[in-house]
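Enquirer: Structure provided below as structure tokens; questions to follow.
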Amino acid sequence: MSDLLTIKGLRIEGRSDETWNPIINGVDLNLKKGEVLGLIGESGAGKSTIGLACMGYTRDGVRISEGSVEFDGIDLVGASASVKRGLLGKRIAYVAQSAAASFNPAHKLMDQHTEGPVQHGVDNRATSAEDGIELYRKLRLPNPDEIGFRYPHQVSGGQLQRAMTAMAMSCRPDLIIFDEPTTALDVTTQIEVLASIREIVEEFDTAAIYITHDLAVVAQMADKIKVLLRGDEVEEADTRTMLSSPKEDYTKSLWAVRAFERPTKPPVAEGSVPVVSVRNITAAYGTTDVLHDVSFDIHAGRTVAVVGESGSGKSTAARCITGLLPPRMGEIAFDGVVLPANYKKRTKDQLRQAQMIYQMADTALNPRKTIGQIIGRPVQFYGGLTGAKRRARVDELLDQIELDPETYRDRLPSELSGGQKQRVGIARALAAEPKFIICDEVTSALDQLVAEGILRLLADLQDKLGLSYMFITHDLATVKAIADEVVVMKDGKVVEQGPKLDMFTPPHHAYTDLLLSSVPEMDPDWLTNLLAERGVDNIGDAAVDKM
Amino acid sequence: MSGLMWFAIYLAALLIGAYVFRAAGQAATSNTPKFRDMSYGEALGYVLGAGLLLWAVYYYFQPKILDTGVPNAGVIFFRWAVQGFIIAAVAAYLFRLLGRFVGTEATKKLFRSMPLTASFGILVIFIYAFVAIFAGAIAPYGQAEILGAANVMAGGDPALGGNPEYPLGTDQIGRDILSRLIFGAQNTVGIAFVTTCLSFFIGGSLGFLAATLQGWLDQLLSRSVDVLMAIPSLIFALLLMTIASVWAVELGVPLTIFMVLIIAVIDSTRVYRLARAVGLNIVVMDYIEAAKLRGEGLGYLVFKEILPNAMAPLLAEFGLRFCFVFLTIAALSFLGVGIQPPLADWGTMVRDLAPFINFAAFAPTAAVTPLLAAGAIALLTVAVNFVVDWMLHKSSGLKE
């Protein structure tokens, strides 16, 4: 059988600062009909660039400098615009990471679904709409007959991602490129989307390139895996070989990320006063309660992970603790002293004691200020240090977060990588010399290796400075790595809480069980087994709704 | 009818030309992607551009004076425009070259990456500033000085009704136009600059305040601004200026001060809207939340956290607003309540000399007199916007 897609010696360059810099340095790729290839790598590895190159397309300011991309005997690099127009959407389709940003919000789903077949002359509107409903049904979308008449904003993220997969399928293409289709989704939603995508790709015998940074996900989806590092291929092998015996050191390090786990700490001494005590808080946005009677304690030197899906009230709880959202009922105590509900009424010292690290380092650091200014401000504001003393303290903090003061002091946030920015966010929190830090999804926007570095740093700092953390996350691997205690939240209520070990050993609360079972594992048969065990209707959001 | 026919012929030539151009390009370059994937519209654009360029060259070399002895005003103005454009481009190029070799290391670096438009803008602003500051020393006569002859033509050629002593001629009551233009820079530009700064200070700080505090203060300010904006600005300004002219006499304060205040307040409503809108996008950022939770005061939030991030859109608006203020002052002066005579002001000069425009067809030099002041306004407007565009591009990362 001949190959559907052949890429040979592909080199891609991007233009910045008046010169062409290499992005991809000679990558080969072969894909047979009906085969699924997983592309894995950190951000900047060139996964998406290769994904787009498979369609003969490059982003603005990027060019294919060498090599060939051949799709079913057609050379896509040299193909004219009209040849490509005939192929794209019809024989090659693309599913983007953020369906919410890729659908046109002004048109109904079905109108967008039928556009491709009609434009390509494959089908007329009416039959293609019927086919759309059929695809929606196959992808197990709720109300397949009616969902097409909704606008994108009326549909949830996971459903939108499946609607986009249906749209990609509308012309029955030979090749679909999935670019991180589940990265932005909750675990329980992700598993549904994964199951649907796998099923439909198998049914139509479509070849696919599945781009992701999540190994466990790709293990479920792909027949073979290719690992990329900064534009170079590290290795390629079929999924089982790759998972059981990776050859290269880099691949092994990727595999090992999830191995980081802190030793279990002895239980907290009876009767000790918790650093932060959340007592029976109920909070509302407007008139709707989003937190119901939430209580938990955080002890000195401990990490409490608050786990739950988006909308479960994790971040709202953090806003109550910081005083940004005064709770309707209940109170927050710090070292046994009840804090004023509103942050404006708290003293400077009370504010200093509790600091926050944010999910998106991009929006958490003022882009117009240098790193030195960002870290220096709390030093000056709380400690009253100025001039040389302030500088010395900033350098000390930069050392603590493992960034070289000389190099980074005068840089702007935009000149730093994602992981470095997150470190600066940590330094800013440390500058206040707090007892307690809220970490709001601090690693979810980062690559696994980088995230692991941040987790290790936070753990070291905790050991050195005796900090307490409230760790908000939806990623159970992170919880495993860093938490001492776990609080599971759903719909604004605490479902279950206790020491980490108890949480990860059965019996669990039904919801905790669902969360734990939805986290993909590195076993290529995991999804298959899970589906066999639970049945398609008892996974993901469908199962959540039944609770 | 024949005009329409010619138009149809030209159009057909263009349409066919575009097709031939693309086909020829494909054949000549052995089908490179540039020609292969060129859309018909793009080819049409190239051909149209080339056609216009040919026409411009042809028109430029038409005789200045028609066979009948009447000057061909269109050609004369077109030549002036082309010459002016070339002089401006050369001056901007030389200025940039100068900037690359003179000055500190930082300014040299700045000039190296500067586009020609920006260096032109900076040069013009420098010249205006210089002229405005040293007006008293540069101007050959006083701005209110009435010299012998009225309505002397520009150009200084006695045969055409000019006078070498007044190179740009004199106005209807015999004041030297060159001197009045120079003093006008001082009055108009100076006052417009002060007014714009004031309106940005008022509108900007209130806008950011509303964005940061929100709640009732935001409602109060925004609704008041809505009310002010509901009244046509020029008529509102006119009304207030009429009232102010009484107060000015009673209080013994120059009317100009009132004018600055009135225009600044009316204009600040637009700045307020922009500052509030930009501010609202910034206050939702996590770094603002971090600063609030740190316990920072309002002043720090507004001026240290929000302002630096709002600088780019505000600067762009400043360039535009400056020109509008400038035109408002000119309009008020034109209506007789702005800068009071005998002070020279470009708006007033345009109004006073406007009738000369009617001579354009047969005496281009006479028609130029009102255009000089208008041109001074236009040149500064363009220059300021060039510079602002460049600063935006540099500071905001619009290139991304």
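Labels used: A, B, ... for chains in the order of the structure tokens, numbers from 1 for residues in each chain, and numbers from 1 for ligands as shown.
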Hey, which bits of chain B sit within 8 Å of chain A, and for each residue what's the closest pair of atoms and how far apart in Å (one decimal), counting only C-alpha atoms, rows by chain and increasing number, as JSON lines?
Expert:
{"residue": "B:Pro33", "atom": "CA", "partner": "A:Ser80", "partner_atom": "CA", "distance": 7.0}
{"residue": "B:Arg36", "atom": "CA", "partner": "A:Ser80", "partner_atom": "CA", "distance": 6.9}
{"residue": "B:Asp37", "atom": "CA", "partner": "A:Ala81", "partner_atom": "CA", "distance": 5.7}
{"residue": "B:Met285", "atom": "CA", "partner": "A:Thr363", "partner_atom": "CA", "distance": 5.5}
{"residue": "B:Asp286", "atom": "CA", "partner": "A:Ala364", "partner_atom": "CA", "distance": 4.4}
{"residue": "B:Tyr287", "atom": "CA", "partner": "A:Ala364", "partner_atom": "CA", "distance": 4.3}
{"residue": "B:Ile288", "atom": "CA", "partner": "A:Ala364", "partner_atom": "CA", "distance": 7.9}
{"residue": "B:Ala290", "atom": "CA", "partner": "A:Met356", "partner_atom": "CA", "distance": 7.3}
{"residue": "B:Leu293", "atom": "CA", "partner": "A:Leu351", "partner_atom": "CA", "distance": 6.5}
{"residue": "B:Arg294", "atom": "CA", "partner": "A:Leu351", "partner_atom": "CA", "distance": 6.1}
{"residue": "B:Gly295", "atom": "CA", "partner": "A:Lys348", "partner_atom": "CA", "distance": 6.3}
{"residue": "B:Glu305", "atom": "CA", "partner": "A:Asn366", "partner_atom": "CA", "distance": 7.1}
{"residue": "B:Pro308", "atom": "CA", "partner": "A:Arg368", "partner_atom": "CA", "distance": 6.3}
{"residue": "B:Asn309", "atom": "CA", "partner": "A:Arg368", "partner_atom": "CA", "distance": 6.4}
Enquirer: DSSP on the backbone, alpha helix (DSSP H) only: what residues of segment 78-263 of chain B does that give? Format it as a PyMOL selection string.
Expert: chain B and resi 78-101+105-112+116-133+135-138+177-184+190-213+215-230+233-251+255-263
Enquirer: List as a list in words the protein and nucleic acid residues near Leu94 of chain B, meaning an atom at most 12 Å away when only C-alpha atoms are counted, but skip any in the same chain fewer than 6 places from it.
Expert: Ile87, Ala88, Arg100, Phe101, Phe111, Leu116, Ser119, Phe120 and Leu123 of chain B
Enquirer: Write out as a count of residues only each polymer residue whose atoms come within 12 Å of Asn358 of chain B, counting only C-alpha atoms; drop sequence neighbours fewer than 2 positions from it.
Expert: 17
Enquirer: Quick one: distance from atom CA of Pro313 of chain B to atom CA of Phe208 of chain B in Å, one decimal?
Expert: 13.3 Å
Enquirer: Excluding segment 516-523 of chain A and its own-chain neighbours fewer than 5 positions away, which residues fall within 8 Å of it when counting only C-alpha atoms? Please give them as a PyMOL selection string.
Expert: chain A and resi 187-188+191+215-217+219-220+243+476+539-540
Enquirer: Write the residues you've just listed into a file as a PDB file, in the first residue's frame, and include C-alpha atoms for each of them.
Expert:
ATOM      1  CA  VAL A 187     -10.581  15.631  32.051  1.00  0.00           C
ATOM      2  CA  THR A 188     -14.133  14.345  32.104  1.00  0.00           C
ATOM      3  CA  ILE A 191     -12.343  11.582  27.639  1.00  0.00           C
ATOM      4  CA  LEU A 215       1.647  11.596  26.182  1.00  0.00           C
ATOM      5  CA  ALA A 216      -1.140   9.720  27.860  1.00  0.00           C
ATOM      6  CA  VAL A 217      -3.618  11.181  25.384  1.00  0.00           C
ATOM      7  CA  ALA A 219      -1.077   6.802  23.689  1.00  0.00           C
ATOM      8  CA  GLN A 220      -4.821   6.265  23.342  1.00  0.00           C
ATOM      9  CA  LEU A 243       5.793   3.568  25.532  1.00  0.00           C
ATOM     10  CA  LEU A 476      -4.568  15.109  39.173  1.00  0.00           C
ATOM     11  CA  ILE A 539     -17.966   8.347  30.945  1.00  0.00           C
ATOM     12  CA  GLY A 540     -17.321  12.072  30.896  1.00  0.00           C
TER      13      GLY A 540
END
Enquirer: I'd like the interatomic distance between atom CA of Gly372 of chain A and atom CA of Glu406 of chain A, to a tenth of an Å.
Expert: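 Between these atoms lies a distance of 10.3 Å.
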Enquirer: Neighbouring residues of segment 241-251 of chain B were defined as those with any atom within 8 Å, considering only C-alpha atoms; residues of the same chain fewer than 4 positions away were excluded. Please report them as an MDAnalysis selection string.
Expert: chainID B and resid 237 255 258:259 262 337
Enquirer: Filtering to C-alpha atoms, could you give me those residues as a PDB file, in the first residue's frame?
Expert:
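The resulting again.pdb:
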ATOM      1  CA  ALA B 237     -18.237  75.792  22.298  1.00  0.00           C
ATOM      2  CA  LEU B 255     -10.596  85.332  26.623  1.00  0.00           C
ATOM      3  CA  PHE B 258     -11.450  80.613  28.673  1.00  0.00           C
ATOM      4  CA  MET B 259     -11.140  79.245  25.167  1.00  0.00           C
ATOM      5  CA  ILE B 262     -13.759  75.294  27.194  1.00  0.00           C
ATOM      6  CA  VAL B 337     -14.905  84.089  18.911  1.00  0.00           C
TER       7      VAL B 337
END
Enquirer: Which residues, written as a PyMOL selection string, have at least one atom at most 6 Å from segment 196-212 of chain A, with only C-alpha atoms counted and residues fewer than 3 positions away on the same chain left out?
Expert: chain A and resi 33-40+139+174-180+193
Enquirer: Take the selection from the previous step and output its residues with N, CA and C atoms, as a PDB file, in the first residue's frame.
Expert:
ATOM      1  N   LYS A  33      -2.826   5.272   4.580  1.00  0.00           N
ATOM      2  CA  LYS A  33      -4.256   5.516   4.696  1.00  0.00           C
ATOM      3  C   LYS A  33      -4.800   4.847   5.958  1.00  0.00           C
ATOM      4  N   GLY A  34      -5.600   5.588   6.715  1.00  0.00           N
ATOM      5  CA  GLY A  34      -6.216   5.028   7.907  1.00  0.00           C
ATOM      6  C   GLY A  34      -5.309   4.967   9.125  1.00  0.00           C
ATOM      7  N   GLU A  35      -4.099   5.502   8.990  1.00  0.00           N
ATOM      8  CA  GLU A  35      -3.145   5.425  10.097  1.00  0.00           C
ATOM      9  C   GLU A  35      -3.197   6.713  10.930  1.00  0.00           C
ATOM     10  N   VAL A  36      -2.976   6.587  12.238  1.00  0.00           N
ATOM     11  CA  VAL A  36      -2.972   7.777  13.088  1.00  0.00           C
ATOM     12  C   VAL A  36      -1.571   7.975  13.651  1.00  0.00           C
ATOM     13  N   LEU A  37      -1.013   9.160  13.379  1.00  0.00           N
ATOM     14  CA  LEU A  37       0.328   9.481  13.875  1.00  0.00           C
ATOM     15  C   LEU A  37       0.210  10.516  14.989  1.00  0.00           C
ATOM     16  N   GLY A  38       0.857  10.262  16.109  1.00  0.00           N
ATOM     17  CA  GLY A  38       0.882  11.243  17.188  1.00  0.00           C
ATOM     18  C   GLY A  38       2.147  12.067  17.116  1.00  0.00           C
ATOM     19  N   LEU A  39       2.008  13.382  17.097  1.00  0.00           N
ATOM     20  CA  LEU A  39       3.177  14.264  17.127  1.00  0.00           C
ATOM     21  C   LEU A  39       3.283  14.814  18.536  1.00  0.00           C
ATOM     22  N   ILE A  40       4.420  14.622  19.164  1.00  0.00           N
ATOM     23  CA  ILE A  40       4.570  15.003  20.560  1.00  0.00           C
ATOM     24  C   ILE A  40       5.756  15.919  20.718  1.00  0.00           C
ATOM     25  N   LEU A 139     -21.019  11.150  16.823  1.00  0.00           N
ATOM     26  CA  LEU A 139     -20.093  11.737  17.793  1.00  0.00           C
ATOM     27  C   LEU A 139     -20.767  11.895  19.158  1.00  0.00           C
ATOM     28  N   ASP A 174      -9.407  12.355   3.496  1.00  0.00           N
ATOM     29  CA  ASP A 174      -8.494  11.227   3.667  1.00  0.00           C
ATOM     30  C   ASP A 174      -7.580  11.453   4.856  1.00  0.00           C
ATOM     31  N   LEU A 175      -7.412  12.736   5.206  1.00  0.00           N
ATOM     32  CA  LEU A 175      -6.469  13.061   6.271  1.00  0.00           C
ATOM     33  C   LEU A 175      -7.051  14.189   7.127  1.00  0.00           C
ATOM     34  N   ILE A 176      -6.998  13.990   8.439  1.00  0.00           N
ATOM     35  CA  ILE A 176      -7.408  15.075   9.339  1.00  0.00           C
ATOM     36  C   ILE A 176      -6.239  15.411  10.254  1.00  0.00           C
ATOM     37  N   ILE A 177      -6.010  16.680  10.456  1.00  0.00           N
ATOM     38  CA  ILE A 177      -4.969  17.103  11.381  1.00  0.00           C
ATOM     39  C   ILE A 177      -5.640  17.647  12.637  1.00  0.00           C
ATOM     40  N   PHE A 178      -5.395  16.985  13.752  1.00  0.00           N
ATOM     41  CA  PHE A 178      -5.957  17.444  15.028  1.00  0.00           C
ATOM     42  C   PHE A 178      -4.865  18.190  15.779  1.00  0.00           C
ATOM     43  N   ASP A 179      -5.057  19.480  15.994  1.00  0.00           N
ATOM     44  CA  ASP A 179      -4.031  20.261  16.693  1.00  0.00           C
ATOM     45  C   ASP A 179      -4.472  20.502  18.129  1.00  0.00           C
ATOM     46  N   GLU A 180      -3.998  19.696  19.037  1.00  0.00           N
ATOM     47  CA  GLU A 180      -4.317  19.793  20.458  1.00  0.00           C
ATOM     48  C   GLU A 180      -5.823  19.947  20.703  1.00  0.00           C
ATOM     49  N   VAL A 193     -14.506  13.401  24.262  1.00  0.00           N
ATOM     50  CA  VAL A 193     -14.056  13.853  22.949  1.00  0.00           C
ATOM     51  C   VAL A 193     -13.081  12.838  22.361  1.00  0.00           C
TER      52      VAL A 193
END
